Amino acid sequence: MKYKIFAVMLISQLLFSGCKKFLDVTPKDTLAPQTYYNTINDLEHSLAAVYDVLGNNALYGGQVLFNYGLDGDDGYCSRVSATTGPMLYDFTSSDPLVTAHWNILYIGISRANLLLENIDHNPAIPQENRDRVRGEAYFLRAYFYFLLVQTYGEVPLLLTSTKSTSNTDVAKSSIRDVYNVILKDMEYAEIHVKDISDLGFGGRVNKSAVRGILARVCLFMAGYPLKDVSKYEDAKNWALKVINDGKAAHSLNPSYSQVFINYAKDVYDIKETLWEVEFRGDISNGFDESGWNGYVNSPGSNLETIRSLSFVAATANLYHKYELTGDVRREWNIASFSYNATGGKNFSNSTTFASLFVRPAAKFRREYELSTVKVAYSTPQNFPILRYSDVLLMYAEALNEISFGNKDEVVKYLEMVRERAYVKKGGVKSITVTNRGSNYSVVPTITFSGGGGSGATAYAALNSSRQISGILLDRNGVVGSAWGEGYTSAPTVVISVPTGATGSGGTATAVLFTGDEHKVPATATASQVTLKQFIRDERSRELAFECLRKADLIRWEKFTENMKDVYNTIISNVPAANYASYVNRFQNVSEKHLLWPIPARELSLNAKLTQNNNW
């Protein structure tokens, strides 16, 4: 940024030193502060420029989704063409992604500062309107600093706009000082921004979003590196303000998959999603406020109706965090299928470690977008920064950290999140073959009779002796299997063959879900430590691929340990020929990767900046 200022100043001096007698040097094509900020529309337009930064390609519009490696031990950037970069933990301070991330956050801060300095230019604009815009600008500036301090640690605090090129060297501020500014700005915003129920959508800063992000900020202050454990109480209180807000009346969407289908369909659900980055349109219609969500981080397909790249894959470690049966989040978050030539799904039954390490992330799916022809690198899908389930999990985490005496309350909120994630009572959980039968000339047909419910479907497999080797529920790419619903008693499993075929004697029984599968197991509540680990795993199960995991691991002081655990899982369970393209994502990790380096270009421009340790 500074080099552009210097270039302009230099050119100006060269031009005006010899020509100032003949030229009118008053700018004709710029909007000076004294001629702008006169109406509420001026303020809104300036605020829109601050919001615009969120959707930039260096943030949620692109690189954050895959190239920054923010999925930690849950997933990794699976681009085989990448040879260096943050996603490989093999990069330097000159890496363009490191520089772009820093630049765009400070651009957002600069835009916010300029607005904040001029917001009261016209006192005739109602005070309430100015304070609301001010609150949103303060919050966005604070959020940009929150991303900076997570990524780079100590950073310069710039709280006013740059007015001169002669005073641009600014030293780093301490992490605590940066957080203090974040808290101050966000607390002001909490008072003045609108309720989400008044706005009717989650794309704008609102009280619920501010309170929820404040809970997140306080959890980070309580963790590494500040370790200010007093902030657990503040995190609890901010989360509780969201939970107890009767006007907003937040609640979980009863369908986990529908939360993300809504982003694809451009449907707002302000009960579930408190804050989301807005995208719209595609480059084909000349309106480009689109992003990459769903294009780079979903199962790959060249079909025009889907058109997506598979640049993010899950780890087997994430897959195994889900319980074996009934947690529908596993099948939604981790693809068990590939798209075929007609847009259908070809399912894989393999659960070997080699197969589990190459399953694509599947949380954001383009097949649900309303347009029939998709455009590459241009999707309208919004990206969630904060969901209500995250608030519930943060509340549970803070309660557990404060005292294990809160165990029952912690479990209550964990189970609120887990209940919607599991197949409800009355679905078919499993089928057990009680007699394999004999002499089947064709694979028998499986149907269900009685039990009062519907929707369960299954198929059989035969062994080499022409006996039934097993009966499995049909696959479903949204919830996992065709569990069915509403069965009040186990239906009869009917095994039949068509007329003219042979085979008989096969029998099987069905087992139903009891409705208690979502309950937190007793092993998790044995101690504060075991409950802490369960909460951390639950965050993975619920929030996988929402770009939160790496930062969570760092604040828990688990980043290098967990990344090495994934590495050990790979080399111990996957044939070497299968992991050559991705093992370095985990092998390269060291303590220095807790932070990114200060960009080399900034060090060359700011004499007071110092590089982070080990870089």
# chains A, B, ... in the order shown; residues from 1 in each chain; ligands from 1
>>> select_by_dssp(residues="region 223-331 of chain A", states="helix (DSSP H, G or I)", output="number ranges by chain")
A: 231-243, 256-265, 283-285, 316-319, 328-331
>>> write_last_selection(atoms="C-alpha atoms", output="PDB file, in the first residue's frame")
ATOM      1  CA  LYS A 231     -12.116 -14.500  29.879  1.00  0.00           C
ATOM      2  CA  TYR A 232     -13.936 -17.847  30.079  1.00  0.00           C
ATOM      3  CA  GLU A 233     -16.521 -16.106  32.245  1.00  0.00           C
ATOM      4  CA  ASP A 234     -16.898 -13.339  29.668  1.00  0.00           C
ATOM      5  CA  ALA A 235     -17.182 -15.887  26.855  1.00  0.00           C
ATOM      6  CA  LYS A 236     -19.926 -17.670  28.774  1.00  0.00           C
ATOM      7  CA  ASN A 237     -21.820 -14.440  29.366  1.00  0.00           C
ATOM      8  CA  TRP A 238     -21.645 -13.249  25.759  1.00  0.00           C
ATOM      9  CA  ALA A 239     -22.797 -16.638  24.454  1.00  0.00           C
ATOM     10  CA  LEU A 240     -25.616 -16.637  27.002  1.00  0.00           C
ATOM     11  CA  LYS A 241     -26.799 -13.264  25.704  1.00  0.00           C
ATOM     12  CA  VAL A 242     -27.337 -14.879  22.314  1.00  0.00           C
ATOM     13  CA  ILE A 243     -29.004 -17.939  23.802  1.00  0.00           C
ATOM     14  CA  TYR A 256     -28.236 -30.102   9.317  1.00  0.00           C
ATOM     15  CA  SER A 257     -27.891 -30.355   5.548  1.00  0.00           C
ATOM     16  CA  GLN A 258     -30.566 -27.720   4.963  1.00  0.00           C
ATOM     17  CA  VAL A 259     -28.396 -25.115   6.684  1.00  0.00           C
ATOM     18  CA  PHE A 260     -25.894 -25.378   3.831  1.00  0.00           C
ATOM     19  CA  ILE A 261     -28.430 -25.953   1.077  1.00  0.00           C
ATOM     20  CA  ASN A 262     -29.849 -22.578   2.110  1.00  0.00           C
ATOM     21  CA  TYR A 263     -26.517 -20.889   1.360  1.00  0.00           C
ATOM     22  CA  ALA A 264     -26.569 -22.414  -2.125  1.00  0.00           C
ATOM     23  CA  LYS A 265     -30.160 -21.338  -2.722  1.00  0.00           C
ATOM     24  CA  ILE A 283     -19.524 -13.447 -14.004  1.00  0.00           C
ATOM     25  CA  SER A 284     -21.602 -14.693 -16.936  1.00  0.00           C
ATOM     26  CA  ASN A 285     -24.292 -12.065 -16.379  1.00  0.00           C
ATOM     27  CA  ALA A 316      -9.352 -40.199   8.271  1.00  0.00           C
ATOM     28  CA  ASN A 317      -8.928 -38.652  11.716  1.00  0.00           C
ATOM     29  CA  LEU A 318     -12.018 -36.505  11.107  1.00  0.00           C
ATOM     30  CA  TYR A 319     -14.000 -39.429   9.710  1.00  0.00           C
ATOM     31  CA  VAL A 328     -25.836 -37.508   9.512  1.00  0.00           C
ATOM     32  CA  ARG A 329     -23.148 -34.807   9.630  1.00  0.00           C
ATOM     33  CA  ARG A 330     -20.465 -37.278   8.554  1.00  0.00           C
ATOM     34  CA  GLU A 331     -22.080 -38.049   5.215  1.00  0.00           C
TER      35      GLU A 331
END
>>> residues_around(residues="Ala362 (chain A)", least_positions_apart="3", cutoff="7 Å", atoms="only C-alpha atoms", output="PyMOL selection string")
chain A and resi 298-299+332-335+365
>>> atom_distance(atom1="CA of Ala551 (chain A)", atom2="CA of Met221 (chain A)")
12.0 Å
>>> residues_around(residues="Ala249 (chain A)", least_positions_apart="5", cutoff="10 Å", atoms="only C-alpha atoms", output="PyMOL selection string")
chain A and resi 196-197+242-244+270-272
>>> atom_distance(atom1="CA of Thr168 (chain A)", atom2="CA of Phe220 (chain A)")
29.8 Å
>>> residues_around(residues="Asn439 (chain A)", least_positions_apart="6", cutoff="12 Å", atoms="only C-alpha atoms", output="list of chain:residue names")
A:Leu462, A:Asn463, A:Ser464, A:Ser465, A:Arg466, A:Gln467, A:Ile468, A:Val497, A:Ala501, A:Thr502, A:Gly503, A:Ser504, A:Gly505, A:Gly506
>>> write_last_selection(atoms="N, CA, C and O atoms", output="short mmCIF file (atom, residue, chain, number, x, y, z; two decimals), in the first residue's frame")
data_model
loop_
_atom_site.label_atom_id
_atom_site.label_comp_id
_atom_site.auth_asym_id
_atom_site.auth_seq_id
_atom_site.Cartn_x
_atom_site.Cartn_y
_atom_site.Cartn_z
N LEU A 462 -24.49 -61.22 -1.96
CA LEU A 462 -24.30 -62.67 -1.87
C LEU A 462 -22.82 -62.99 -1.76
O LEU A 462 -21.96 -62.28 -2.29
N ASN A 463 -22.52 -64.11 -1.07
CA ASN A 463 -21.14 -64.59 -1.04
C ASN A 463 -20.93 -65.61 -2.15
O ASN A 463 -21.83 -65.89 -2.95
N SER A 464 -19.75 -66.17 -2.22
CA SER A 464 -19.41 -67.10 -3.31
C SER A 464 -20.21 -68.40 -3.24
O SER A 464 -20.30 -69.13 -4.22
N SER A 465 -20.81 -68.67 -2.08
CA SER A 465 -21.62 -69.88 -1.92
C SER A 465 -23.09 -69.63 -2.24
O SER A 465 -23.94 -70.47 -1.96
N ARG A 466 -23.38 -68.46 -2.80
CA ARG A 466 -24.74 -68.07 -3.18
C ARG A 466 -25.65 -67.93 -1.96
O ARG A 466 -26.84 -68.19 -2.00
N GLN A 467 -25.04 -67.51 -0.86
CA GLN A 467 -25.79 -67.21 0.35
C GLN A 467 -25.78 -65.70 0.59
O GLN A 467 -24.93 -64.97 0.06
N ILE A 468 -26.70 -65.24 1.41
CA ILE A 468 -26.75 -63.80 1.74
C ILE A 468 -25.62 -63.48 2.70
O ILE A 468 -25.56 -64.01 3.81
N VAL A 497 -37.24 -63.33 -4.14
CA VAL A 497 -36.59 -63.45 -5.45
C VAL A 497 -37.69 -63.46 -6.51
O VAL A 497 -38.84 -63.83 -6.23
N ALA A 501 -36.50 -67.58 -10.37
CA ALA A 501 -35.19 -67.60 -9.71
C ALA A 501 -35.23 -68.58 -8.55
O ALA A 501 -36.29 -68.92 -8.02
N THR A 502 -34.05 -69.01 -8.14
CA THR A 502 -33.98 -69.94 -7.02
C THR A 502 -33.39 -69.23 -5.81
O THR A 502 -32.81 -68.15 -5.90
N GLY A 503 -33.50 -69.90 -4.66
CA GLY A 503 -32.95 -69.37 -3.42
C GLY A 503 -34.02 -69.18 -2.38
O GLY A 503 -35.13 -68.73 -2.68
N SER A 504 -33.71 -69.56 -1.16
CA SER A 504 -34.69 -69.44 -0.09
C SER A 504 -34.00 -69.59 1.26
O SER A 504 -32.80 -69.92 1.34
N GLY A 505 -34.76 -69.35 2.29
CA GLY A 505 -34.27 -69.60 3.65
C GLY A 505 -33.63 -68.40 4.32
O GLY A 505 -33.35 -68.44 5.53
N GLY A 506 -33.38 -67.34 3.61
CA GLY A 506 -32.75 -66.18 4.22
C GLY A 506 -33.70 -65.43 5.14
O GLY A 506 -34.86 -65.21 4.78
#
>>> closest_residue(among="A:Arg475, A:Lys564, A:Lys519, A:Arg216", to="Asp552 (chain A)", atoms="only C-alpha atoms")
A:Arg216
>>> closest_residue(among="A:Phe139, A:Tyr377, A:Tyr395, A:Phe146", to="Tyr179 (chain A)", atoms="only C-alpha atoms")
A:Phe146
>>> select_by_dssp(residues="region 230-423 of chain A", states="strand (DSSP E)", output="list in words")
Thr273, Leu274, Trp275, Glu276, Val277, Asn297, Ser298, Pro299, Gly300, Ser301, Ser308, Leu309, Ser310, Val312, Ala313, Ala314, Phe337, Ser338, Tyr339, Lys345, Asn346, Phe347, Phe383, Pro384, Ile385, Leu386 and Arg387 of chain A
>>> residues_around(residues="Ala524 (chain A)", least_positions_apart="3", cutoff="10 Å", atoms="only C-alpha atoms", output="number ranges by chain")
A: 411, 520-521, 527-535
>>> write_last_selection(atoms="all heavy atoms", output="compact mmCIF listing (two decimals), in the first residue's frame")
# COMPACT_ATOMS: atom_id res chain seq x y z
N VAL A 411 -23.46 -30.75 29.33
CA VAL A 411 -24.04 -31.86 28.58
C VAL A 411 -25.35 -31.44 27.92
O VAL A 411 -25.63 -31.80 26.76
CB VAL A 411 -24.25 -33.08 29.51
CG1 VAL A 411 -25.11 -34.14 28.82
CG2 VAL A 411 -22.92 -33.67 29.92
N VAL A 520 -24.67 -37.66 25.17
CA VAL A 520 -23.23 -37.66 25.45
C VAL A 520 -22.91 -38.90 26.27
O VAL A 520 -23.52 -39.13 27.32
CB VAL A 520 -22.83 -36.39 26.23
CG1 VAL A 520 -21.37 -36.44 26.65
CG2 VAL A 520 -23.12 -35.15 25.40
N PRO A 521 -21.97 -39.73 25.82
CA PRO A 521 -21.68 -40.98 26.54
C PRO A 521 -21.05 -40.73 27.90
O PRO A 521 -20.40 -39.70 28.13
CB PRO A 521 -20.70 -41.70 25.60
CG PRO A 521 -20.08 -40.61 24.78
CD PRO A 521 -21.15 -39.57 24.62
N SER A 527 -14.51 -36.97 33.56
CA SER A 527 -13.68 -35.93 34.18
C SER A 527 -13.78 -34.66 33.35
O SER A 527 -14.30 -34.66 32.23
CB SER A 527 -12.22 -36.38 34.27
OG SER A 527 -11.64 -36.44 32.97
N GLN A 528 -13.26 -33.59 33.91
CA GLN A 528 -13.24 -32.33 33.16
C GLN A 528 -12.38 -32.45 31.92
O GLN A 528 -12.70 -31.87 30.87
CB GLN A 528 -12.70 -31.21 34.06
CG GLN A 528 -12.83 -29.81 33.47
CD GLN A 528 -12.38 -28.74 34.44
OE1 GLN A 528 -11.55 -28.99 35.31
NE2 GLN A 528 -12.91 -27.53 34.30
N VAL A 529 -11.32 -33.23 31.99
CA VAL A 529 -10.42 -33.42 30.86
C VAL A 529 -11.10 -34.20 29.74
O VAL A 529 -11.02 -33.83 28.56
CB VAL A 529 -9.12 -34.14 31.30
CG1 VAL A 529 -8.27 -34.49 30.09
CG2 VAL A 529 -8.33 -33.25 32.26
N THR A 530 -11.81 -35.28 30.09
CA THR A 530 -12.49 -36.06 29.05
C THR A 530 -13.63 -35.27 28.42
O THR A 530 -13.88 -35.37 27.22
CB THR A 530 -13.02 -37.39 29.61
OG1 THR A 530 -13.91 -37.13 30.71
CG2 THR A 530 -11.87 -38.27 30.09
N LEU A 531 -14.31 -34.46 29.22
CA LEU A 531 -15.38 -33.66 28.67
C LEU A 531 -14.83 -32.56 27.77
O LEU A 531 -15.41 -32.23 26.72
CB LEU A 531 -16.22 -33.05 29.80
CG LEU A 531 -17.52 -32.35 29.40
CD1 LEU A 531 -18.39 -33.24 28.52
CD2 LEU A 531 -18.29 -31.91 30.64
N LYS A 532 -13.68 -32.01 28.15
CA LYS A 532 -13.02 -31.01 27.30
C LYS A 532 -12.69 -31.60 25.93
O LYS A 532 -12.93 -30.97 24.90
CB LYS A 532 -11.74 -30.52 27.98
CG LYS A 532 -10.93 -29.53 27.16
CD LYS A 532 -9.59 -29.23 27.82
CE LYS A 532 -9.75 -28.56 29.16
NZ LYS A 532 -8.45 -28.12 29.74
N GLN A 533 -12.14 -32.81 25.92
CA GLN A 533 -11.80 -33.44 24.66
C GLN A 533 -13.04 -33.73 23.82
O GLN A 533 -13.05 -33.56 22.60
CB GLN A 533 -11.02 -34.73 24.89
CG GLN A 533 -10.51 -35.39 23.61
CD GLN A 533 -9.61 -34.46 22.81
OE1 GLN A 533 -8.66 -33.88 23.34
NE2 GLN A 533 -9.90 -34.30 21.52
N PHE A 534 -14.12 -34.12 24.49
CA PHE A 534 -15.35 -34.40 23.76
C PHE A 534 -15.90 -33.13 23.11
O PHE A 534 -16.37 -33.16 21.97
CB PHE A 534 -16.40 -35.00 24.72
CG PHE A 534 -17.62 -35.52 24.01
CD1 PHE A 534 -17.65 -36.81 23.51
CD2 PHE A 534 -18.74 -34.71 23.83
CE1 PHE A 534 -18.78 -37.30 22.85
CE2 PHE A 534 -19.87 -35.18 23.18
CZ PHE A 534 -19.88 -36.48 22.69
N ILE A 535 -15.83 -32.02 23.83
CA ILE A 535 -16.28 -30.74 23.27
C ILE A 535 -15.45 -30.38 22.04
O ILE A 535 -15.98 -29.94 21.01
CB ILE A 535 -16.19 -29.63 24.32
CG1 ILE A 535 -17.19 -29.87 25.45
CG2 ILE A 535 -16.42 -28.26 23.69
CD1 ILE A 535 -16.97 -29.01 26.68
>>> decode(residues="region 311-325 of chain A", atoms="N, CA and C atoms", output="tab-separated table (two decimals), in the first residue's frame")
chain	number	residue	atom	x	y	z
A	311	PHE	N	-10.66	-29.39	-4.11
A	311	PHE	CA	-9.41	-28.86	-3.60
A	311	PHE	C	-9.26	-29.03	-2.09
A	312	VAL	N	-10.27	-29.61	-1.44
A	312	VAL	CA	-10.19	-29.86	0.00
A	312	VAL	C	-10.62	-31.30	0.26
A	313	ALA	N	-9.80	-32.02	1.00
A	313	ALA	CA	-10.11	-33.40	1.36
A	313	ALA	C	-10.14	-33.55	2.87
A	314	ALA	N	-10.93	-34.49	3.33
A	314	ALA	CA	-11.00	-34.79	4.77
A	314	ALA	C	-9.86	-35.71	5.15
A	315	THR	N	-9.57	-35.75	6.43
A	315	THR	CA	-8.62	-36.74	6.94
A	315	THR	C	-9.39	-37.91	7.53
A	316	ALA	N	-8.74	-39.05	7.60
A	316	ALA	CA	-9.35	-40.20	8.27
A	316	ALA	C	-9.59	-39.88	9.74
A	317	ASN	N	-8.76	-39.03	10.31
A	317	ASN	CA	-8.93	-38.65	11.72
A	317	ASN	C	-10.27	-37.98	11.94
A	318	LEU	N	-10.70	-37.12	11.00
A	318	LEU	CA	-12.02	-36.51	11.11
A	318	LEU	C	-13.10	-37.55	10.95
A	319	TYR	N	-12.98	-38.41	9.95
A	319	TYR	CA	-14.00	-39.43	9.71
A	319	TYR	C	-14.25	-40.26	10.96
A	320	HIS	N	-13.18	-40.63	11.64
A	320	HIS	CA	-13.32	-41.50	12.81
A	320	HIS	C	-13.78	-40.77	14.06
A	321	LYS	N	-13.91	-39.45	14.00
A	321	LYS	CA	-14.50	-38.74	15.15
A	321	LYS	C	-16.01	-38.93	15.20
A	322	TYR	N	-16.61	-39.25	14.07
A	322	TYR	CA	-18.04	-39.47	14.04
A	322	TYR	C	-18.35	-40.89	14.53
A	323	GLU	N	-19.45	-41.02	15.27
A	323	GLU	CA	-19.89	-42.35	15.67
A	323	GLU	C	-20.25	-43.14	14.41
A	324	LEU	N	-20.19	-44.45	14.53
A	324	LEU	CA	-20.32	-45.30	13.34
A	324	LEU	C	-21.67	-45.18	12.66
A	325	THR	N	-22.74	-45.02	13.43
A	325	THR	CA	-24.07	-45.05	12.83
A	325	THR	C	-24.92	-43.90	13.34
